[in-house]
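Asks: final08.cif is reproduced below (mmCIF, C-alpha atoms).
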```
data_input
#
loop_
_atom_site.label_atom_id
_atom_site.label_comp_id
_atom_site.auth_asym_id
_atom_site.auth_seq_id
_atom_site.Cartn_x
_atom_site.Cartn_y
_atom_site.Cartn_z
CA MET E 1 -114.21 -146.27 -5.87
CA LYS E 2 -117.93 -146.42 -5.13
CA TYR E 3 -119.19 -143.44 -3.06
CA LEU E 4 -116.24 -141.30 -4.19
CA ASP E 5 -116.30 -141.11 -8.01
CA GLU E 6 -119.98 -140.18 -8.32
CA PHE E 7 -119.48 -137.36 -5.81
CA ARG E 8 -116.60 -135.93 -7.86
CA ASP E 9 -118.52 -135.82 -11.16
CA GLY E 10 -117.76 -132.67 -13.15
CA LYS E 11 -121.12 -132.50 -14.94
CA ALA E 12 -123.03 -132.70 -11.65
CA ALA E 13 -120.73 -130.01 -10.22
CA ARG E 14 -121.55 -127.67 -13.13
CA LYS E 15 -125.28 -128.30 -12.63
CA LEU E 16 -124.98 -127.37 -8.98
CA SER E 17 -122.88 -124.34 -9.86
CA LEU E 18 -125.63 -123.04 -12.19
CA GLU E 19 -128.31 -123.75 -9.59
CA ILE E 20 -126.38 -121.82 -6.91
CA LYS E 21 -126.01 -118.87 -9.32
CA SER E 22 -129.72 -118.91 -10.08
CA VAL E 23 -130.81 -118.76 -6.42
CA THR E 24 -128.26 -116.12 -5.30
CA SER E 25 -129.51 -112.52 -5.31
CA LYS E 26 -127.12 -110.84 -2.84
CA PRO E 27 -123.79 -111.33 -1.05
CA TRP E 28 -123.53 -114.09 1.57
CA GLN E 29 -120.67 -115.22 3.79
CA ILE E 30 -120.65 -118.91 4.65
CA MET E 31 -118.09 -120.61 6.89
CA GLU E 32 -117.00 -124.20 6.32
CA ILE E 33 -115.94 -125.22 9.78
CA CYS E 34 -113.84 -128.25 8.90
CA GLY E 35 -110.28 -128.19 7.57
CA GLY E 36 -111.02 -131.27 5.45
CA GLN E 37 -113.64 -129.24 3.62
CA THR E 38 -111.21 -126.29 3.24
CA HIS E 39 -108.75 -128.73 1.67
CA SER E 40 -111.38 -129.99 -0.83
CA ILE E 41 -112.51 -126.43 -1.64
CA LEU E 42 -108.96 -125.40 -2.59
CA LYS E 43 -108.04 -128.72 -4.20
CA TYR E 44 -111.06 -128.74 -6.53
CA SER E 45 -111.17 -124.93 -7.01
CA ILE E 46 -114.75 -124.92 -5.78
CA GLU E 47 -114.76 -121.15 -5.20
CA GLU E 48 -114.44 -120.70 -8.96
CA LEU E 49 -117.77 -122.51 -9.40
CA LEU E 50 -119.55 -120.08 -7.07
CA PRO E 51 -121.01 -116.69 -7.99
CA GLU E 52 -118.93 -113.75 -6.78
CA GLU E 53 -121.59 -112.88 -4.21
CA ILE E 54 -120.73 -116.03 -2.19
CA THR E 55 -117.69 -115.87 0.08
CA LEU E 56 -116.45 -119.00 1.80
CA ILE E 57 -114.79 -118.28 5.13
CA HIS E 58 -112.38 -121.01 6.24
CA GLY E 59 -113.05 -121.98 9.85
CA PRO E 60 -110.89 -123.29 12.67
CA GLY E 61 -111.77 -126.96 12.07
CA CYS E 62 -108.28 -128.39 11.98
CA PRO E 63 -107.35 -129.95 15.34
CA VAL E 64 -103.66 -129.83 14.45
CA CYS E 65 -103.95 -126.08 13.89
CA VAL E 66 -105.84 -125.21 17.09
CA THR E 67 -103.74 -127.35 19.45
CA PRO E 68 -102.17 -124.74 21.75
CA LEU E 69 -98.45 -124.14 21.54
CA GLU E 70 -97.83 -125.20 25.14
CA LEU E 71 -99.30 -128.62 24.42
CA ILE E 72 -96.76 -129.10 21.60
CA ASP E 73 -94.05 -128.08 24.09
CA LYS E 74 -95.46 -130.58 26.61
CA ALA E 75 -95.38 -133.30 23.91
CA ILE E 76 -91.75 -132.41 23.13
CA ALA E 77 -90.79 -132.44 26.84
CA ILE E 78 -92.29 -135.93 27.20
CA ALA E 79 -90.85 -137.28 23.92
CA GLN E 80 -87.31 -136.27 25.00
CA LYS E 81 -87.37 -138.62 28.00
CA ASP E 82 -85.15 -141.70 27.69
CA ASP E 83 -87.68 -144.42 28.50
CA VAL E 84 -90.54 -142.94 26.44
CA ILE E 85 -91.86 -144.08 23.08
CA PHE E 86 -93.93 -141.13 21.84
CA ALA E 87 -96.60 -142.16 19.30
CA SER E 88 -98.52 -139.67 17.20
CA PHE E 89 -100.49 -139.19 13.99
CA GLY E 90 -98.10 -137.96 11.30
CA ASP E 91 -99.42 -134.43 10.98
CA MET E 92 -98.56 -133.48 14.58
CA LEU E 93 -94.86 -134.25 14.11
CA ARG E 94 -94.03 -131.09 12.16
CA VAL E 95 -96.08 -128.60 14.17
CA PRO E 96 -93.63 -126.04 15.55
CA GLY E 97 -93.43 -125.69 19.31
CA SER E 98 -91.76 -122.63 20.78
CA MET E 99 -88.26 -124.04 20.16
CA HIS E 100 -88.56 -127.01 17.79
CA ASP E 101 -90.91 -129.80 16.66
CA LEU E 102 -91.34 -133.53 17.39
CA LEU E 103 -89.49 -134.53 14.21
CA SER E 104 -86.36 -132.77 15.46
CA VAL E 105 -86.68 -134.70 18.74
CA LYS E 106 -86.68 -137.87 16.61
CA ALA E 107 -83.69 -136.61 14.60
CA LYS E 108 -81.76 -136.18 17.85
CA GLY E 109 -82.44 -139.78 18.85
CA GLY E 110 -85.82 -139.49 20.56
CA ASN E 111 -88.11 -142.49 20.16
CA VAL E 112 -90.93 -140.79 18.22
CA LYS E 113 -93.16 -143.05 16.15
CA MET E 114 -95.88 -142.24 13.64
CA VAL E 115 -98.98 -144.42 13.99
CA TYR E 116 -102.06 -144.83 11.81
CA SER E 117 -104.47 -145.75 14.61
CA PRO E 118 -104.51 -145.33 18.41
CA LEU E 119 -104.76 -149.13 18.59
CA ASP E 120 -101.27 -149.29 17.03
CA ALA E 121 -100.02 -147.25 20.01
CA VAL E 122 -101.60 -149.77 22.40
CA LYS E 123 -99.80 -152.56 20.54
CA LEU E 124 -96.53 -150.63 20.93
CA ALA E 125 -97.09 -150.54 24.70
CA GLU E 126 -97.84 -154.26 24.77
CA ASN E 127 -94.72 -155.10 22.75
CA ASN E 128 -92.41 -152.76 24.70
CA PRO E 129 -93.11 -153.43 28.39
CA ASP E 130 -89.89 -151.69 29.50
CA ASN E 131 -90.86 -148.40 27.86
CA LYS E 132 -93.59 -145.88 28.63
CA VAL E 133 -95.71 -145.39 25.52
CA VAL E 134 -97.44 -142.01 25.24
CA PHE E 135 -99.99 -141.36 22.50
CA PHE E 136 -100.70 -137.78 21.40
CA GLY E 137 -104.50 -137.91 21.57
CA VAL E 138 -105.41 -135.08 19.23
CA GLY E 139 -108.65 -134.59 17.33
CA PHE E 140 -112.25 -133.50 17.16
CA GLU E 141 -115.25 -135.65 18.04
CA THR E 142 -114.48 -137.77 14.95
CA THR E 143 -111.22 -139.03 16.46
CA ALA E 144 -112.02 -138.87 20.19
CA PRO E 145 -113.85 -142.25 20.36
CA ALA E 146 -110.86 -144.03 18.78
CA ASN E 147 -108.57 -142.47 21.38
CA ALA E 148 -111.02 -143.36 24.16
CA MET E 149 -111.05 -146.93 22.87
CA SER E 150 -107.25 -147.06 23.18
CA VAL E 151 -107.53 -146.28 26.92
CA ILE E 152 -110.21 -148.95 27.35
CA GLU E 153 -108.12 -151.49 25.44
CA ALA E 154 -104.99 -150.66 27.46
CA LYS E 155 -107.01 -151.19 30.65
CA ARG E 156 -108.48 -154.45 29.36
CA ARG E 157 -105.01 -155.75 28.48
CA GLY E 158 -103.70 -154.69 31.91
CA LEU E 159 -101.08 -152.32 30.48
CA LYS E 160 -99.46 -149.99 33.02
CA ASN E 161 -97.10 -148.37 30.52
CA TYR E 162 -99.68 -146.65 28.26
CA SER E 163 -100.93 -143.07 28.57
CA ILE E 164 -102.34 -140.32 26.37
CA LEU E 165 -101.54 -136.63 26.08
CA CYS E 166 -105.12 -135.52 25.71
CA SER E 167 -105.84 -132.65 23.32
CA HIS E 168 -109.44 -133.03 22.21
CA VAL E 169 -111.51 -130.13 20.97
CA LEU E 170 -115.24 -129.96 20.29
CA VAL E 171 -116.95 -128.28 17.36
CA PRO E 172 -120.34 -126.94 18.59
CA PRO E 173 -118.85 -124.79 21.43
CA ALA E 174 -116.42 -123.32 18.86
CA ILE E 175 -119.25 -122.41 16.47
CA ASP E 176 -121.08 -120.81 19.39
CA ALA E 177 -117.95 -118.84 20.36
CA LEU E 178 -117.28 -117.64 16.79
CA LEU E 179 -120.86 -116.43 16.41
CA SER E 180 -120.69 -114.60 19.72
CA PHE E 181 -117.69 -112.48 18.58
CA ARG E 182 -118.95 -109.01 17.78
CA ASN E 183 -116.93 -108.60 14.56
CA ASN E 184 -117.88 -111.95 13.06
CA ASN E 185 -119.38 -111.81 9.58
CA ILE E 186 -120.63 -115.39 9.29
CA GLN E 187 -124.17 -115.79 7.97
CA GLY E 188 -124.33 -119.56 7.49
CA PHE E 189 -122.37 -122.68 8.36
CA LEU E 190 -121.39 -125.88 6.63
CA ALA E 191 -121.13 -128.22 9.63
CA ALA E 192 -118.42 -130.89 9.65
CA GLY E 193 -119.82 -134.12 8.24
CA HIS E 194 -117.53 -136.60 9.99
CA VAL E 195 -117.88 -134.96 13.41
CA CYS E 196 -121.64 -135.34 12.91
CA THR E 197 -121.25 -138.98 11.82
CA VAL E 198 -120.18 -139.62 15.42
CA MET E 199 -122.15 -136.96 17.33
CA GLY E 200 -125.28 -136.51 15.17
CA TYR E 201 -126.59 -132.95 14.79
CA GLU E 202 -128.96 -132.41 17.71
CA GLU E 203 -126.45 -129.97 19.29
CA TYR E 204 -126.85 -127.56 16.36
CA PHE E 205 -130.57 -126.82 16.73
CA PRO E 206 -130.14 -124.42 19.71
CA ILE E 207 -127.20 -122.66 17.95
CA ALA E 208 -129.18 -122.10 14.73
CA GLU E 209 -132.08 -120.80 16.82
CA LYS E 210 -129.96 -118.53 19.07
CA TYR E 211 -127.95 -116.82 16.29
CA LYS E 212 -130.49 -117.18 13.45
CA VAL E 213 -128.02 -118.89 11.11
CA PRO E 214 -128.64 -121.84 8.80
CA ILE E 215 -126.40 -124.82 9.56
CA VAL E 216 -126.05 -127.54 6.91
CA VAL E 217 -124.26 -130.78 7.78
CA THR E 218 -122.03 -131.30 4.74
CA GLY E 219 -119.72 -133.97 3.33
CA PHE E 220 -116.25 -133.63 1.84
CA GLU E 221 -116.46 -134.40 -1.86
CA PRO E 222 -116.93 -131.54 -4.34
CA ILE E 223 -120.57 -132.46 -5.00
CA ASP E 224 -121.26 -132.59 -1.24
CA ILE E 225 -119.75 -129.14 -0.68
CA LEU E 226 -121.58 -127.55 -3.62
CA GLN E 227 -124.85 -129.09 -2.46
CA GLY E 228 -124.16 -127.88 1.11
CA VAL E 229 -123.58 -124.35 -0.22
CA LEU E 230 -126.77 -124.55 -2.32
CA LEU E 231 -128.90 -125.59 0.67
CA THR E 232 -127.35 -122.83 2.83
CA VAL E 233 -127.86 -120.12 0.19
CA LYS E 234 -131.48 -121.21 -0.37
CA GLN E 235 -132.15 -120.84 3.35
CA LEU E 236 -130.40 -117.46 3.52
CA GLU E 237 -132.38 -116.17 0.53
CA GLU E 238 -135.63 -117.35 2.13
CA GLY E 239 -134.71 -115.88 5.54
CA LYS E 240 -134.59 -119.33 7.18
CA SER E 241 -132.20 -120.56 9.88
CA GLU E 242 -132.70 -124.31 10.04
CA VAL E 243 -130.43 -127.31 10.56
CA GLN E 244 -130.29 -129.50 7.43
CA ASN E 245 -128.39 -132.66 6.61
CA GLN E 246 -126.76 -132.86 3.17
CA TYR E 247 -124.56 -135.84 4.21
CA SER E 248 -127.37 -138.26 5.01
CA ARG E 249 -125.55 -141.27 3.56
CA VAL E 250 -123.48 -141.44 6.77
CA VAL E 251 -124.98 -138.88 9.19
CA THR E 252 -128.10 -139.44 11.28
CA GLU E 253 -129.64 -136.98 13.75
CA GLU E 254 -128.59 -139.07 16.78
CA GLY E 255 -125.14 -140.08 15.39
CA ASN E 256 -123.21 -143.17 16.46
CA THR E 257 -124.53 -143.83 19.97
CA ALA E 258 -122.03 -146.62 20.74
CA ALA E 259 -119.12 -144.24 20.06
CA GLN E 260 -120.79 -141.48 22.13
CA LYS E 261 -121.19 -143.89 25.06
CA LEU E 262 -117.49 -144.57 24.95
CA LEU E 263 -116.74 -140.82 25.11
CA GLU E 264 -118.93 -140.47 28.21
CA GLU E 265 -117.17 -143.42 29.80
CA VAL E 266 -113.63 -142.08 29.37
CA PHE E 267 -113.80 -138.27 29.03
CA GLU E 268 -115.40 -135.25 30.65
CA ARG E 269 -115.82 -131.77 29.18
CA ARG E 270 -113.45 -128.98 30.16
CA ASP E 271 -112.62 -125.41 29.12
CA ARG E 272 -110.01 -125.54 26.39
CA LYS E 273 -107.56 -123.07 24.90
CA TRP E 274 -107.68 -122.93 21.08
CA ARG E 275 -104.49 -121.77 19.40
CA GLY E 276 -105.11 -118.30 17.94
CA ILE E 277 -108.58 -117.97 19.47
CA GLY E 278 -108.20 -118.30 23.23
CA SER E 279 -110.13 -120.23 25.83
CA ILE E 280 -113.62 -121.49 24.91
CA PRO E 281 -115.86 -122.79 27.71
CA LEU E 282 -116.40 -126.56 27.76
CA SER E 283 -114.86 -126.98 24.32
CA GLY E 284 -112.54 -129.89 25.06
CA PHE E 285 -112.22 -133.30 26.64
CA LYS E 286 -110.00 -134.45 29.48
CA LEU E 287 -109.69 -137.91 30.97
CA LYS E 288 -111.98 -138.55 33.92
CA ASN E 289 -110.27 -138.53 37.33
CA GLU E 290 -110.63 -142.30 37.71
CA ASP E 291 -108.49 -142.70 34.56
CA SER E 292 -105.74 -140.31 35.66
CA ASP E 293 -103.28 -143.25 35.55
CA PHE E 294 -103.53 -142.86 31.77
CA ASP E 295 -103.05 -139.07 31.76
CA ALA E 296 -99.58 -138.26 30.42
CA GLU E 297 -99.71 -134.64 31.66
CA LYS E 298 -100.02 -135.90 35.23
CA ILE E 299 -97.60 -138.82 34.89
CA PHE E 300 -94.79 -136.68 33.43
CA LYS E 301 -95.67 -133.54 35.45
CA VAL E 302 -95.76 -131.15 32.47
CA GLU E 303 -99.00 -129.41 33.47
CA ASN E 304 -97.34 -126.04 34.12
CA ILE E 305 -95.54 -125.45 30.81
CA GLU E 306 -96.71 -122.15 29.23
CA THR E 307 -95.52 -120.44 26.03
CA GLU E 308 -95.97 -117.44 23.69
CA GLU E 309 -96.98 -117.41 19.99
CA SER E 310 -94.79 -115.91 17.20
CA PRO E 311 -95.74 -112.21 16.88
CA LEU E 312 -95.51 -112.39 13.05
CA CYS E 313 -98.16 -115.08 12.68
CA ILE E 314 -101.81 -114.04 12.14
CA ALA E 315 -103.14 -117.60 12.60
CA GLY E 316 -105.72 -116.38 15.11
CA GLU E 317 -107.38 -114.08 12.59
CA VAL E 318 -107.16 -116.75 9.87
CA LEU E 319 -108.74 -119.37 12.14
CA GLN E 320 -111.56 -116.99 13.03
CA GLY E 321 -112.18 -116.24 9.35
CA ILE E 322 -111.35 -112.52 9.75
CA LYS E 323 -108.38 -112.64 7.35
CA LYS E 324 -107.43 -114.87 4.40
CA PRO E 325 -103.97 -116.53 4.56
CA ILE E 326 -102.67 -114.41 1.67
CA GLU E 327 -103.32 -111.24 3.73
CA CYS E 328 -100.55 -112.33 6.12
CA PRO E 329 -97.27 -110.47 5.46
CA ALA E 330 -95.30 -113.63 6.33
CA PHE E 331 -97.30 -115.91 3.95
CA GLY E 332 -95.00 -117.68 1.51
CA LYS E 333 -92.01 -115.64 2.78
CA GLU E 334 -90.94 -116.28 6.39
CA CYS E 335 -93.75 -118.85 6.65
CA THR E 336 -93.90 -121.85 4.28
CA PRO E 337 -94.87 -125.53 4.77
CA GLU E 338 -91.12 -126.32 5.04
CA HIS E 339 -90.58 -123.62 7.70
CA PRO E 340 -93.99 -122.90 9.24
CA LEU E 341 -94.45 -120.12 11.80
CA GLY E 342 -97.95 -121.21 12.71
CA ALA E 343 -99.91 -124.44 12.69
CA PRO E 344 -102.29 -123.62 9.77
CA MET E 345 -99.22 -123.79 7.50
CA VAL E 346 -98.32 -127.29 8.77
CA SER E 347 -101.32 -129.53 8.43
CA THR E 348 -102.55 -130.30 4.92
CA GLU E 349 -105.94 -129.21 6.24
CA GLY E 350 -104.68 -125.88 7.53
CA ALA E 351 -106.02 -122.93 5.54
CA CYS E 352 -102.52 -121.45 4.99
CA ALA E 353 -101.04 -124.75 3.72
CA ALA E 354 -104.06 -125.29 1.42
CA TYR E 355 -103.61 -121.78 -0.04
CA PHE E 356 -99.88 -122.34 -0.42
CA HIS E 357 -100.15 -125.71 -2.17
CA TYR E 358 -103.14 -125.21 -4.43
CA GLY E 359 -102.73 -121.47 -5.00
CA LYS E 360 -99.23 -122.15 -6.21
CA ILE E 361 -100.26 -125.04 -8.44
CA LYS E 362 -102.98 -122.90 -10.05
CA LYS E 363 -100.55 -120.07 -10.79
CA GLU E 364 -98.12 -122.51 -12.36
CA LEU E 365 -100.87 -123.94 -14.58
CA ILE E 366 -101.81 -120.46 -15.78
CA ARG E 367 -98.17 -119.63 -16.48
CA ASN E 368 -97.73 -122.76 -18.61
CA MET K 369 -107.47 -134.79 10.49
CA CYS K 370 -111.11 -135.81 10.25
CA LEU K 371 -110.36 -137.56 6.97
CA ALA K 372 -112.54 -140.66 6.64
CA VAL K 373 -112.73 -142.88 3.59
CA PRO K 374 -115.30 -145.39 2.33
CA GLY K 375 -114.26 -149.01 1.97
CA LYS K 376 -115.90 -152.39 1.33
CA VAL K 377 -116.00 -155.05 4.06
CA ILE K 378 -114.43 -158.28 2.77
CA SER K 379 -114.24 -160.35 5.97
CA ILE K 380 -115.30 -160.11 9.61
CA ASP K 381 -113.57 -161.40 12.76
CA GLU K 382 -115.79 -161.41 15.85
CA SER K 383 -113.56 -163.72 17.92
CA ASN K 384 -112.96 -160.93 20.45
CA PRO K 385 -116.45 -159.63 21.36
CA GLU K 386 -114.93 -156.46 22.84
CA LEU K 387 -112.92 -155.62 19.75
CA LYS K 388 -114.72 -156.79 16.62
CA MET K 389 -112.56 -156.36 13.55
CA ALA K 390 -113.09 -156.48 9.79
CA LYS K 391 -110.86 -156.52 6.76
CA VAL K 392 -111.84 -153.56 4.59
CA ASN K 393 -110.81 -152.95 1.01
CA PHE K 394 -110.04 -149.40 -0.16
CA SER K 395 -109.62 -149.40 -3.95
CA GLY K 396 -107.40 -152.49 -3.80
CA VAL K 397 -105.63 -151.84 -0.49
CA SER K 398 -106.87 -153.93 2.47
CA LYS K 399 -106.70 -152.85 6.10
CA GLU K 400 -107.82 -154.21 9.47
CA VAL K 401 -110.58 -151.98 10.83
CA CYS K 402 -112.39 -152.02 14.17
CA ILE K 403 -116.17 -152.35 13.70
CA GLN K 404 -117.04 -152.44 17.41
CA TRP K 405 -119.38 -149.40 17.24
CA LEU K 406 -121.62 -150.66 14.45
CA PRO K 407 -124.55 -152.88 15.41
CA ASP K 408 -124.74 -154.98 12.26
CA VAL K 409 -122.09 -155.12 9.59
CA ASN K 410 -122.11 -157.69 6.82
CA ILE K 411 -119.60 -158.71 4.19
CA GLY K 412 -120.16 -156.50 1.14
CA ASP K 413 -121.29 -153.46 3.17
CA TYR K 414 -119.51 -150.16 2.65
CA VAL K 415 -118.25 -148.46 5.80
CA LEU K 416 -116.72 -145.03 6.47
CA VAL K 417 -113.30 -145.50 8.12
CA HIS K 418 -111.30 -143.07 10.26
CA VAL K 419 -107.99 -143.90 12.05
CA GLY K 420 -108.71 -147.63 11.91
CA PHE K 421 -112.32 -147.45 13.11
CA ALA K 422 -115.56 -147.73 11.13
CA LEU K 423 -117.68 -144.68 12.06
CA ASN K 424 -120.81 -145.78 10.22
CA LYS K 425 -122.17 -147.87 7.40
CA ILE K 426 -122.82 -145.97 4.20
CA ASP K 427 -126.53 -145.89 3.51
CA GLU K 428 -126.97 -146.89 -0.12
CA LYS K 429 -130.53 -145.56 -0.37
CA ASP K 430 -129.54 -142.14 0.99
CA ALA K 431 -126.53 -141.93 -1.32
CA GLU K 432 -128.79 -142.78 -4.26
CA GLU K 433 -131.34 -140.17 -3.14
CA THR K 434 -128.66 -137.42 -3.13
CA LEU K 435 -127.67 -138.38 -6.68
CA ARG K 436 -131.30 -138.61 -7.80
CA ILE K 437 -131.94 -135.01 -6.70
CA LEU K 438 -128.96 -133.99 -8.81
CA ARG K 439 -130.23 -135.87 -11.84
CA GLU K 440 -133.63 -134.21 -11.48
CA MET K 441 -132.11 -130.75 -11.56
CA GLY K 442 -132.24 -131.07 -15.34
CA ASP K 443 -129.58 -131.44 -17.95
CA ILE K 444 -127.10 -128.77 -18.77
CA GLU K 445 -125.44 -127.98 -22.05
CA GLU K 446 -122.10 -129.73 -22.32
CA GLU K 447 -119.28 -127.24 -22.67
CA SER K 448 -117.90 -127.10 -26.19
#
```
Mind turning the file's structure into structure tokens?
Replies:
Amino acid sequence: MKYLDEFRDGKAARKLSLEIKSVTSKPWQIMEICGGQTHSILKYSIEELLPEEITLIHGPGCPVCVTPLELIDKAIAIAQKDDVIFASFGDMLRVPGSMHDLLSVKAKGGNVKMVYSPLDAVKLAENNPDNKVVFFGVGFETTAPANAMSVIEAKRRGLKNYSILCSHVLVPPAIDALLSFRNNNIQGFLAAGHVCTVMGYEEYFPIAEKYKVPIVVTGFEPIDILQGVLLTVKQLEEGKSEVQNQYSRVVTEEGNTAAQKLLEEVFERRDRKWRGIGSIPLSGFKLKNEDSDFDAEKIFKVENIETEESPLCIAGEVLQGIKKPIECPAFGKECTPEHPLGAPMVSTEGACAAYFHYGKIKKELIRN
Amino acid sequence: MCLAVPGKVISIDESNPELKMAKVNFSGVSKEVCIQWLPDVNIGDYVLVHVGFALNKIDEKDAEETLRILREMGDIEEES
């Protein structure tokens, strides 16, 4: 496929690997914020192409992983109701709540459906006028416009039986929060390319300036990630802290302004709790008051559900980049993708699941 | 979650001006994709698609520029 194969080219990857080695003179810690990038890094063994001085810290950029436990419990409470069709992207279905997950609600007869697009959920509402269709609106800025569009479409089609359980998180406030933690050891960032496709990268200039860190907007293929690392290391070696764009084939400074307009129309910013991290000011979206007819939390009165995390799980430290998944005593023992204790073991983009899948594959290859 | 994949536009349906759609081909698999947020999309363009929506067109010149920089980094010895 054009625009994929050429960015997975092994020879180009080796060139970039040599170039990174030649410009690196001392240790640097770089965080890739996005779980999609973490997945690529583990899948393509990119760390093995980097000099030992470079450490990649896996950031909290997996919306599935940072969705707070009580929101999963709210989703389960709603999905158990008789007249509800609960629609969700597939990766939310296996995230453990405090008692069980959405798939077990389905197994017990709940009407839980996996959808590919929020527009599919709108169609479900249109085709099932006697049911209340609730869509689990999860995601970063990449996904938020699609979910906003579903509300606008439902309104345009006059649907009274459609609502969303809104769980949107925003990347720049999270980067700001991580850098403000006293024990953080992040010296540079690979910013999430697809978030920036929608939002542009203007928001990163004040962060780079405030914390003196280089931020490089980076894509998801191996060549993109290696090039993003190269640009970051070059800046670090030269003492620079600029915002650069490696992923210029789809990212512009201003982003997709039509999608941004839609976000402003439907959502407003709010403080948001991140699973394993805590509350971050203005780091999420909620529906505007005038659209509260589409707000599932209000319709089903689940606003007051609160819950506690498993004490064994160190997801918080993993999501902040303080510990690697393999440093968790439960990793691969009590906690596996089949029986996850925490969300990073569920999503394919979660750091723990990526370590489990690809770490295991690598070991098997060596053994054979 | 933020997975987005490039695909080639093979047909466009603008019959609903508030929900412009296109058929997009991903390595042989075709899907209906909303192109409402892109100002000008033509058949043959490559777009980046996420949860059924095109986030942007892929800029051919910029993609080529990224690859050109790589080519100019000089050749390396092929591993034996």
Asks: Which is closer to chain K than all the others in E:Leu71, E:Met114, E:Cys62, E:Ala330, using only C-alpha atoms?
Replies: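 Among the listed residues, the smallest separation from chain K belongs to E:Cys62.
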Asks: Mind giving me the straight-line distance from atom CA of E:Glu306 to atom CA of E:Glu70 in Å, one decimal?
Replies: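 Result for atom CA of E:Glu306 versus atom CA of E:Glu70: 5.2 Å, one decimal.
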Asks: Could you give me, as a VMD selection string, the residues within 10 Å of K:Ser395, counting all atoms listed in the file and dropping anything in the same chain fewer than 3 positions from it?
Replies: (chain E and resid 1 to 2) or (chain K and resid 374 to 376 392 398)
Asks: For chain E, which residue among K:Asn410, K:Gln404, K:Ser379, K:Asn384 is the nearest when counting only C-alpha atoms?
Replies: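 When distances to chain E are compared using only C-alpha atoms, the smallest one comes from K:Gln404.
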Asks: So which residues get picked by the PyMOL selection byres ((chain E and resi 234-245) around 6) here, written as a PyMOL selection string?
Replies: chain E and resi 208+212-217+231-233+246-248
Asks: Using C-alpha atoms, can you export the residues from the last selection as a PDB file, in the coordinates of the input?
Replies:
```
ATOM      1  CA  ALA E 208    -129.180-122.100  14.730  1.00  0.00           C
ATOM      2  CA  LYS E 212    -130.490-117.180  13.450  1.00  0.00           C
ATOM      3  CA  VAL E 213    -128.020-118.890  11.110  1.00  0.00           C
ATOM      4  CA  PRO E 214    -128.640-121.840   8.800  1.00  0.00           C
ATOM      5  CA  ILE E 215    -126.400-124.820   9.560  1.00  0.00           C
ATOM      6  CA  VAL E 216    -126.050-127.540   6.910  1.00  0.00           C
ATOM      7  CA  VAL E 217    -124.260-130.780   7.780  1.00  0.00           C
ATOM      8  CA  LEU E 231    -128.900-125.590   0.670  1.00  0.00           C
ATOM      9  CA  THR E 232    -127.350-122.830   2.830  1.00  0.00           C
ATOM     10  CA  VAL E 233    -127.860-120.120   0.190  1.00  0.00           C
ATOM     11  CA  GLN E 246    -126.760-132.860   3.170  1.00  0.00           C
ATOM     12  CA  TYR E 247    -124.560-135.840   4.210  1.00  0.00           C
ATOM     13  CA  SER E 248    -127.370-138.260   5.010  1.00  0.00           C
TER      14      SER E 248
END
```
Asks: May I have the residues within 7 Å of stretch 336-352 of chain E as a list in words, using all atoms listed in the file and disregarding those fewer than 6 positions away in the same chain?
Replies: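 Contacts, with the query itself left out: Gly35, Gly36, Thr38, His39, His58, Cys62, Val64, Cys65, Asp91, Arg94, Val95, Ser310, Cys313, Ala315 and Pro325 of chain E.
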Asks: Using the chain letters and numbers from the file, which residues does the PyMOL selection byres ((chain K and resi 420) around 7) grab, as a list in words?
Replies: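 Those residues are Ser117 of chain E; Val401, Cys402, Val417, His418, Val419, Phe421 and Ala422 of chain K.
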Asks: What would the selection look like, as a ChimeraX atom specification, if the PyMOL selection byres ((chain K and resi 438) around 12) were run on the coordinates I just shared?
Replies: /E:6-7,9,11-19,223-224,226-227,230 /K:431-437,439-444
Asks: Report, in Å with one decimal, the straight-line distance from atom CA of E:Leu170 to atom CA of E:Thr142.
Replies: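 Between these atoms lies a distance of 9.5 Å.
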Asks: Which residue, E:Val251, E:Ala87, E:Leu42, E:Val122, has the smallest gap to chain K when you use all atoms listed in the file?
Replies: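 Residue with the minimum atom-to-atom distance to chain K: E:Val251.
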Asks: Write out as a short mmCIF file (atom, residue, chain, number, x, y, z; two decimals) with C-alpha atoms, in the coordinates of the input the residues lying within 8 Å of E:Gly90, counting only C-alpha atoms and excluding same-chain residues fewer than 2 positions away.
Replies:
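The resulting file, result12.cif, is shown below:
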```
data_model
loop_
_atom_site.label_atom_id
_atom_site.label_comp_id
_atom_site.auth_asym_id
_atom_site.auth_seq_id
_atom_site.Cartn_x
_atom_site.Cartn_y
_atom_site.Cartn_z
CA SER E 88 -98.52 -139.67 17.20
CA MET E 92 -98.56 -133.48 14.58
CA LEU E 93 -94.86 -134.25 14.11
CA MET E 114 -95.88 -142.24 13.64
CA VAL E 115 -98.98 -144.42 13.99
CA TYR E 116 -102.06 -144.83 11.81
#
```
Asks: Go through E:Gly59, E:Gly276, E:Pro68, E:Pro145 and flag the residue nearest chain K, using only C-alpha atoms for the distances.
Replies: E:Pro145
Asks: Which residues come within 6 Å of E:Phe189, counting all atoms listed in the file, excluding same-chain residues fewer than 2 positions away, as a count of residues only?
Replies: 5
Asks: Could you check how far atom CA of K:Met369 sits from atom CA of E:Gly139, in Å to one decimal?
Replies: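 That distance, rounded to one decimal, is 6.9 Å.
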Asks: In file coordinates, which residues lie within 8 Å of (-92.4, -136.8, 20.9) using only C-alpha atoms, given as a PyMOL selection string?
Replies: chain E and resi 75-80+85-88+93+102-103+105-106+110-113
Asks: So, counting only C-alpha atoms, which residue among E:Asp176, E:Asp120, E:Glu253, E:Glu53 is closest to chain K?
Replies: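 Closest residue, counting only C-alpha atoms: E:Asp120.
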